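Next comes start18.cif, a file with mmCIF, N, CA and C atoms.
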data_data
loop_
_atom_site.label_atom_id
_atom_site.label_comp_id
_atom_site.auth_asym_id
_atom_site.auth_seq_id
_atom_site.Cartn_x
_atom_site.Cartn_y
_atom_site.Cartn_z
N MET A 1 -26.87 -81.32 -18.47
CA MET A 1 -26.24 -80.05 -18.57
C MET A 1 -24.87 -80.06 -17.96
N GLY A 2 -24.69 -80.81 -17.03
CA GLY A 2 -23.38 -81.05 -16.50
C GLY A 2 -22.83 -79.90 -15.70
N ILE A 3 -21.72 -79.44 -16.12
CA ILE A 3 -20.92 -78.46 -15.37
C ILE A 3 -21.55 -77.07 -15.41
N PHE A 4 -22.32 -76.75 -16.44
CA PHE A 4 -22.89 -75.42 -16.59
C PHE A 4 -24.35 -75.39 -16.15
N SER A 5 -24.63 -75.82 -14.96
CA SER A 5 -25.99 -75.76 -14.45
C SER A 5 -26.31 -74.33 -14.05
N LYS A 6 -27.58 -74.04 -13.82
CA LYS A 6 -28.04 -72.70 -13.48
C LYS A 6 -27.39 -72.18 -12.21
N PRO A 7 -27.35 -72.94 -11.12
CA PRO A 7 -26.72 -72.41 -9.92
C PRO A 7 -25.24 -72.11 -10.13
N PHE A 8 -24.59 -72.94 -10.93
CA PHE A 8 -23.18 -72.70 -11.21
C PHE A 8 -23.00 -71.42 -12.02
N LEU A 9 -23.84 -71.21 -13.00
CA LEU A 9 -23.76 -70.01 -13.81
C LEU A 9 -24.05 -68.77 -12.96
N TYR A 10 -25.05 -68.88 -12.07
CA TYR A 10 -25.34 -67.77 -11.17
C TYR A 10 -24.15 -67.45 -10.27
N ALA A 11 -23.56 -68.50 -9.75
CA ALA A 11 -22.39 -68.33 -8.88
C ALA A 11 -21.24 -67.73 -9.68
N LEU A 12 -21.07 -68.19 -10.89
CA LEU A 12 -20.01 -67.66 -11.74
C LEU A 12 -20.24 -66.19 -12.06
N CYS A 13 -21.47 -65.79 -12.32
CA CYS A 13 -21.80 -64.38 -12.59
C CYS A 13 -21.55 -63.52 -11.36
N VAL A 14 -21.96 -64.03 -10.19
CA VAL A 14 -21.76 -63.29 -8.96
C VAL A 14 -20.27 -63.13 -8.68
N CYS A 15 -19.49 -64.19 -8.88
CA CYS A 15 -18.04 -64.12 -8.67
C CYS A 15 -17.40 -63.14 -9.65
N GLY A 16 -17.85 -63.17 -10.89
CA GLY A 16 -17.33 -62.24 -11.89
C GLY A 16 -17.65 -60.79 -11.53
N PHE A 17 -18.90 -60.56 -11.09
CA PHE A 17 -19.30 -59.22 -10.68
C PHE A 17 -18.48 -58.75 -9.49
N LEU A 18 -18.28 -59.64 -8.51
CA LEU A 18 -17.48 -59.29 -7.34
C LEU A 18 -16.03 -59.01 -7.72
N ALA A 19 -15.49 -59.81 -8.64
CA ALA A 19 -14.11 -59.62 -9.08
C ALA A 19 -13.96 -58.27 -9.78
N ILE A 20 -14.90 -57.94 -10.63
CA ILE A 20 -14.85 -56.66 -11.35
C ILE A 20 -15.01 -55.51 -10.35
N SER A 21 -15.92 -55.68 -9.38
CA SER A 21 -16.11 -54.65 -8.37
C SER A 21 -14.85 -54.45 -7.54
N LEU A 22 -14.21 -55.55 -7.15
CA LEU A 22 -12.98 -55.45 -6.36
C LEU A 22 -11.85 -54.81 -7.15
N ILE A 23 -11.76 -55.16 -8.41
CA ILE A 23 -10.72 -54.56 -9.26
C ILE A 23 -10.98 -53.06 -9.40
N GLY A 24 -12.25 -52.71 -9.63
CA GLY A 24 -12.61 -51.29 -9.73
C GLY A 24 -12.32 -50.55 -8.43
N THR A 25 -12.63 -51.17 -7.31
CA THR A 25 -12.35 -50.57 -6.02
C THR A 25 -10.84 -50.42 -5.80
N GLY A 26 -10.10 -51.44 -6.21
CA GLY A 26 -8.64 -51.37 -6.09
C GLY A 26 -8.06 -50.24 -6.94
N LEU A 27 -8.64 -50.06 -8.13
CA LEU A 27 -8.18 -48.96 -8.98
C LEU A 27 -8.53 -47.61 -8.35
N LYS A 28 -9.73 -47.56 -7.76
CA LYS A 28 -10.12 -46.32 -7.10
C LYS A 28 -9.21 -46.02 -5.92
N ILE A 29 -8.88 -47.03 -5.15
CA ILE A 29 -8.01 -46.85 -3.99
C ILE A 29 -6.62 -46.40 -4.43
N SER A 30 -6.08 -47.01 -5.49
CA SER A 30 -4.76 -46.61 -5.95
C SER A 30 -4.78 -45.20 -6.53
N SER A 31 -5.87 -44.85 -7.22
CA SER A 31 -5.94 -43.48 -7.76
C SER A 31 -6.14 -42.48 -6.63
N LEU A 32 -6.86 -42.86 -5.57
CA LEU A 32 -7.01 -41.99 -4.41
C LEU A 32 -5.69 -41.80 -3.68
N ALA A 33 -4.89 -42.86 -3.62
CA ALA A 33 -3.58 -42.74 -2.98
C ALA A 33 -2.69 -41.80 -3.77
N ALA A 34 -2.74 -41.88 -5.09
CA ALA A 34 -1.94 -40.97 -5.93
C ALA A 34 -2.43 -39.53 -5.77
N ALA A 35 -3.75 -39.38 -5.74
CA ALA A 35 -4.30 -38.04 -5.55
C ALA A 35 -3.93 -37.49 -4.18
N ASN A 36 -3.91 -38.35 -3.18
CA ASN A 36 -3.53 -37.94 -1.83
C ASN A 36 -2.08 -37.44 -1.80
N GLU A 37 -1.19 -38.12 -2.51
CA GLU A 37 0.21 -37.68 -2.58
C GLU A 37 0.33 -36.33 -3.27
N ILE A 38 -0.44 -36.16 -4.34
CA ILE A 38 -0.43 -34.87 -5.05
C ILE A 38 -0.93 -33.76 -4.13
N LEU A 39 -1.99 -34.05 -3.38
CA LEU A 39 -2.51 -33.05 -2.45
C LEU A 39 -1.52 -32.73 -1.34
N LYS A 40 -0.80 -33.74 -0.86
CA LYS A 40 0.21 -33.49 0.18
C LYS A 40 1.32 -32.59 -0.36
N ASP A 41 1.76 -32.85 -1.60
CA ASP A 41 2.79 -32.01 -2.21
C ASP A 41 2.28 -30.58 -2.40
N SER A 42 1.05 -30.46 -2.86
CA SER A 42 0.47 -29.12 -3.04
C SER A 42 0.34 -28.40 -1.71
N ASN A 43 -0.05 -29.14 -0.68
CA ASN A 43 -0.19 -28.55 0.65
C ASN A 43 1.16 -28.05 1.17
N LYS A 44 2.23 -28.82 0.93
CA LYS A 44 3.57 -28.39 1.34
C LYS A 44 3.98 -27.11 0.61
N GLU A 45 3.70 -27.05 -0.68
CA GLU A 45 4.04 -25.87 -1.46
C GLU A 45 3.24 -24.65 -0.99
N LEU A 46 1.96 -24.87 -0.72
CA LEU A 46 1.12 -23.76 -0.26
C LEU A 46 1.55 -23.28 1.12
N THR A 47 1.95 -24.19 1.98
CA THR A 47 2.43 -23.80 3.30
C THR A 47 3.72 -22.99 3.17
N LYS A 48 4.60 -23.41 2.29
CA LYS A 48 5.85 -22.69 2.05
C LYS A 48 5.56 -21.28 1.52
N LYS A 49 4.65 -21.18 0.56
CA LYS A 49 4.28 -19.88 0.00
C LYS A 49 3.64 -18.99 1.07
N ALA A 50 2.80 -19.57 1.92
CA ALA A 50 2.16 -18.80 2.99
C ALA A 50 3.22 -18.26 3.95
N ASP A 51 4.22 -19.06 4.28
CA ASP A 51 5.30 -18.60 5.15
C ASP A 51 6.09 -17.46 4.49
N GLU A 52 6.37 -17.61 3.20
CA GLU A 52 7.09 -16.56 2.47
C GLU A 52 6.28 -15.26 2.46
N LEU A 53 4.96 -15.38 2.23
CA LEU A 53 4.10 -14.19 2.21
C LEU A 53 4.02 -13.52 3.58
N THR A 54 4.01 -14.33 4.63
CA THR A 54 3.97 -13.77 5.99
C THR A 54 5.25 -13.00 6.27
N THR A 55 6.39 -13.56 5.86
CA THR A 55 7.68 -12.88 6.04
C THR A 55 7.72 -11.60 5.21
N HIS A 56 7.25 -11.67 3.98
CA HIS A 56 7.24 -10.50 3.10
C HIS A 56 6.34 -9.40 3.67
N LYS A 57 5.19 -9.80 4.21
CA LYS A 57 4.27 -8.83 4.81
C LYS A 57 4.91 -8.14 6.00
N ALA A 58 5.62 -8.89 6.83
CA ALA A 58 6.29 -8.29 7.99
C ALA A 58 7.36 -7.31 7.54
N THR A 59 8.10 -7.67 6.50
CA THR A 59 9.13 -6.77 5.97
C THR A 59 8.51 -5.49 5.44
N LEU A 60 7.40 -5.62 4.72
CA LEU A 60 6.73 -4.44 4.18
C LEU A 60 6.20 -3.54 5.29
N LYS A 61 5.67 -4.14 6.35
CA LYS A 61 5.18 -3.34 7.48
C LYS A 61 6.32 -2.58 8.14
N ALA A 62 7.48 -3.23 8.28
CA ALA A 62 8.64 -2.56 8.88
C ALA A 62 9.11 -1.41 7.98
N ASN A 63 9.14 -1.64 6.67
CA ASN A 63 9.53 -0.58 5.74
C ASN A 63 8.54 0.59 5.78
N LEU A 64 7.26 0.28 5.90
CA LEU A 64 6.25 1.33 5.98
C LEU A 64 6.42 2.15 7.25
N ALA A 65 6.71 1.49 8.35
CA ALA A 65 6.93 2.20 9.60
C ALA A 65 8.14 3.13 9.49
N ASN A 66 9.22 2.66 8.84
CA ASN A 66 10.40 3.50 8.64
C ASN A 66 10.08 4.70 7.76
N CYS A 67 9.31 4.49 6.71
CA CYS A 67 8.93 5.59 5.83
C CYS A 67 8.06 6.61 6.56
N ASP A 68 7.13 6.12 7.38
CA ASP A 68 6.29 7.03 8.15
C ASP A 68 7.11 7.87 9.11
N ALA A 69 8.10 7.25 9.75
CA ALA A 69 8.96 7.99 10.68
C ALA A 69 9.78 9.04 9.94
N ALA A 70 10.32 8.67 8.78
CA ALA A 70 11.10 9.63 7.99
C ALA A 70 10.22 10.78 7.51
N LEU A 71 9.01 10.46 7.10
CA LEU A 71 8.09 11.50 6.64
C LEU A 71 7.73 12.45 7.78
N ALA A 72 7.53 11.92 8.96
CA ALA A 72 7.20 12.77 10.11
C ALA A 72 8.36 13.69 10.45
N SER A 73 9.59 13.16 10.41
CA SER A 73 10.74 14.02 10.72
C SER A 73 10.94 15.08 9.64
N GLN A 74 10.68 14.75 8.38
CA GLN A 74 10.79 15.74 7.32
C GLN A 74 9.72 16.81 7.47
N SER A 75 8.52 16.42 7.86
CA SER A 75 7.45 17.41 8.07
C SER A 75 7.81 18.36 9.19
N GLU A 76 8.40 17.84 10.26
CA GLU A 76 8.83 18.70 11.36
C GLU A 76 9.93 19.66 10.91
N ALA A 77 10.87 19.16 10.10
CA ALA A 77 11.95 20.02 9.60
C ALA A 77 11.39 21.12 8.70
N ILE A 78 10.41 20.78 7.88
CA ILE A 78 9.80 21.78 7.01
C ILE A 78 9.07 22.84 7.84
N LYS A 79 8.34 22.40 8.86
CA LYS A 79 7.65 23.36 9.73
C LYS A 79 8.63 24.26 10.45
N ALA A 80 9.76 23.71 10.87
CA ALA A 80 10.76 24.51 11.59
C ALA A 80 11.44 25.52 10.67
N SER A 81 11.55 25.20 9.39
CA SER A 81 12.26 26.11 8.48
C SER A 81 11.33 27.09 7.77
N MET A 82 10.07 27.08 8.09
CA MET A 82 9.13 28.00 7.45
C MET A 82 9.44 29.44 7.85
N VAL A 83 9.27 30.33 6.92
CA VAL A 83 9.51 31.75 7.15
C VAL A 83 8.17 32.40 7.45
N LYS A 84 8.15 33.15 8.53
CA LYS A 84 6.93 33.87 8.87
C LYS A 84 6.97 35.24 8.22
N VAL A 85 5.97 35.52 7.43
CA VAL A 85 5.90 36.77 6.69
C VAL A 85 4.97 37.73 7.43
N ASP A 86 5.49 38.94 7.67
CA ASP A 86 4.69 39.97 8.32
C ASP A 86 4.31 40.98 7.25
N ASN A 87 3.03 41.08 6.98
CA ASN A 87 2.55 41.97 5.93
C ASN A 87 2.36 43.41 6.41
N ALA A 88 2.67 43.68 7.64
CA ALA A 88 2.52 45.05 8.15
C ALA A 88 3.60 45.93 7.52
N PRO A 89 3.25 47.15 7.16
CA PRO A 89 4.24 48.04 6.55
C PRO A 89 5.33 48.41 7.56
N SER A 90 6.51 48.61 7.04
CA SER A 90 7.64 48.96 7.91
C SER A 90 7.50 50.39 8.42
N LYS A 91 8.35 50.75 9.37
CA LYS A 91 8.31 52.10 9.95
C LYS A 91 8.68 53.14 8.90
N GLU A 92 9.62 52.80 8.05
CA GLU A 92 10.03 53.74 7.00
C GLU A 92 8.87 54.03 6.04
N ALA A 93 8.14 53.01 5.68
CA ALA A 93 7.01 53.21 4.78
C ALA A 93 5.94 54.06 5.45
N GLU A 94 5.72 53.85 6.72
CA GLU A 94 4.76 54.67 7.45
C GLU A 94 5.21 56.12 7.52
N ARG A 95 6.51 56.34 7.70
CA ARG A 95 7.05 57.70 7.78
C ARG A 95 6.89 58.40 6.44
N ILE A 96 7.09 57.65 5.34
CA ILE A 96 6.96 58.25 4.01
C ILE A 96 5.51 58.66 3.74
N LYS A 97 4.57 57.89 4.24
CA LYS A 97 3.17 58.22 4.02
C LYS A 97 2.77 59.52 4.72
N LYS A 98 3.50 59.86 5.76
CA LYS A 98 3.15 61.06 6.52
C LYS A 98 3.73 62.34 5.91
N ILE A 99 4.55 62.22 4.87
CA ILE A 99 5.16 63.40 4.25
C ILE A 99 4.17 63.98 3.23
N TYR A 100 3.89 65.24 3.39
CA TYR A 100 2.95 65.92 2.51
C TYR A 100 3.65 67.11 1.85
N VAL A 101 3.33 67.32 0.59
CA VAL A 101 3.80 68.51 -0.12
C VAL A 101 2.65 69.50 -0.08
N LYS A 102 2.90 70.65 0.54
CA LYS A 102 1.81 71.62 0.74
C LYS A 102 1.37 72.26 -0.56
N ASP A 103 2.34 72.62 -1.39
CA ASP A 103 2.01 73.23 -2.67
C ASP A 103 3.13 72.93 -3.65
N LYS A 104 3.05 73.48 -4.85
CA LYS A 104 4.02 73.20 -5.90
C LYS A 104 5.24 74.11 -5.84
N SER A 105 5.41 74.84 -4.79
CA SER A 105 6.56 75.74 -4.72
C SER A 105 7.82 74.92 -4.48
N CYS A 106 8.94 75.52 -4.86
CA CYS A 106 10.23 74.84 -4.71
C CYS A 106 10.55 74.62 -3.25
N GLU A 107 10.23 75.56 -2.42
CA GLU A 107 10.53 75.43 -1.00
C GLU A 107 9.75 74.29 -0.36
N ALA A 108 8.49 74.10 -0.75
CA ALA A 108 7.65 73.03 -0.19
C ALA A 108 8.15 71.67 -0.65
N GLU A 109 8.53 71.58 -1.93
CA GLU A 109 9.04 70.31 -2.45
C GLU A 109 10.38 69.97 -1.84
N LEU A 110 11.25 70.98 -1.67
CA LEU A 110 12.54 70.75 -1.04
C LEU A 110 12.37 70.27 0.39
N LYS A 111 11.48 70.86 1.11
CA LYS A 111 11.21 70.44 2.48
C LYS A 111 10.70 68.99 2.51
N ALA A 112 9.83 68.60 1.53
CA ALA A 112 9.31 67.23 1.46
C ALA A 112 10.43 66.24 1.16
N TYR A 113 11.34 66.61 0.24
CA TYR A 113 12.46 65.74 -0.07
C TYR A 113 13.41 65.58 1.13
N LYS A 114 13.61 66.66 1.84
CA LYS A 114 14.45 66.57 3.03
C LYS A 114 13.83 65.62 4.06
N GLU A 115 12.53 65.69 4.22
CA GLU A 115 11.84 64.78 5.15
C GLU A 115 11.97 63.32 4.67
N LEU A 116 11.94 63.15 3.37
CA LEU A 116 12.00 61.80 2.80
C LEU A 116 13.35 61.14 3.08
N PHE A 117 14.43 61.91 2.99
CA PHE A 117 15.76 61.33 3.16
C PHE A 117 16.34 61.46 4.56
N LYS A 118 15.58 61.80 5.55
CA LYS A 118 16.06 61.86 6.92
C LYS A 118 16.38 60.50 7.44
#
Could you express the structure from this file as structure tokens?
Amino acid sequence: MGIFSKPFLYALCVCGFLAISLIGTGLKISSLAAANEILKDSNKELTKKADELTTHKATLKANLANCDAALASQSEAIKASMVKVDNAPSKEAERIKKIYVKDKSCEAELKAYKELFK
């Protein structure tokens, strides 16, 4: 049989299997390294976006505080400018209610009109 004896063939198969395994592992390692670079780039982008969002959130909170302060001052101004309405009848209206016409005579009506325009 010569060069292709059973132990040689077994050794050759084992070496071939190991070579294929090492090549596969090398491919996996190189693809993992590429994936690692992609993840690092994504992580940098996400960190940048998170910083931008934090800054934007702080700006929005400051704007909200300014709006709340302006709203409070406007509410105070509105309260200060409110008109208080007194529904009680005036003195003149009360005086008019007290005028009575005793009868339909001209003298009684004239006296009532004089009381009205005092």
| query | In Å, with one decimal, what is the gap from atom N of Leu116 of chain A to atom CA of Lys102 of chain A? | reply | 13.5 Å
| Please, what distance in Å, to one decimal, runs between atom CA of Asn66 of chain A and atom CA of Asp51 of chain A? | 22.9 Å
| said: For a test of reading the model, state the distance in Å between atom N of Ala70 of chain A and atom C of Ala58 of chain A, rounded to one decimal. | reply: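 So the two atoms, atom N of Ala70 of chain A and atom C of Ala58 of chain A, lie 16.3 Å apart.
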Report the centre and edge lengths, in Å to one decimal, of an axis-aligned box enclosing every atom of segment 79-87 of chain A listed in the file, padded by 3 Å on each side, as AutoDock Vina command-line options.
--center_x 7.3 --center_y 32.9 --center_z 8.8 --size_x 15.9 --size_y 27.0 --size_z 11.7
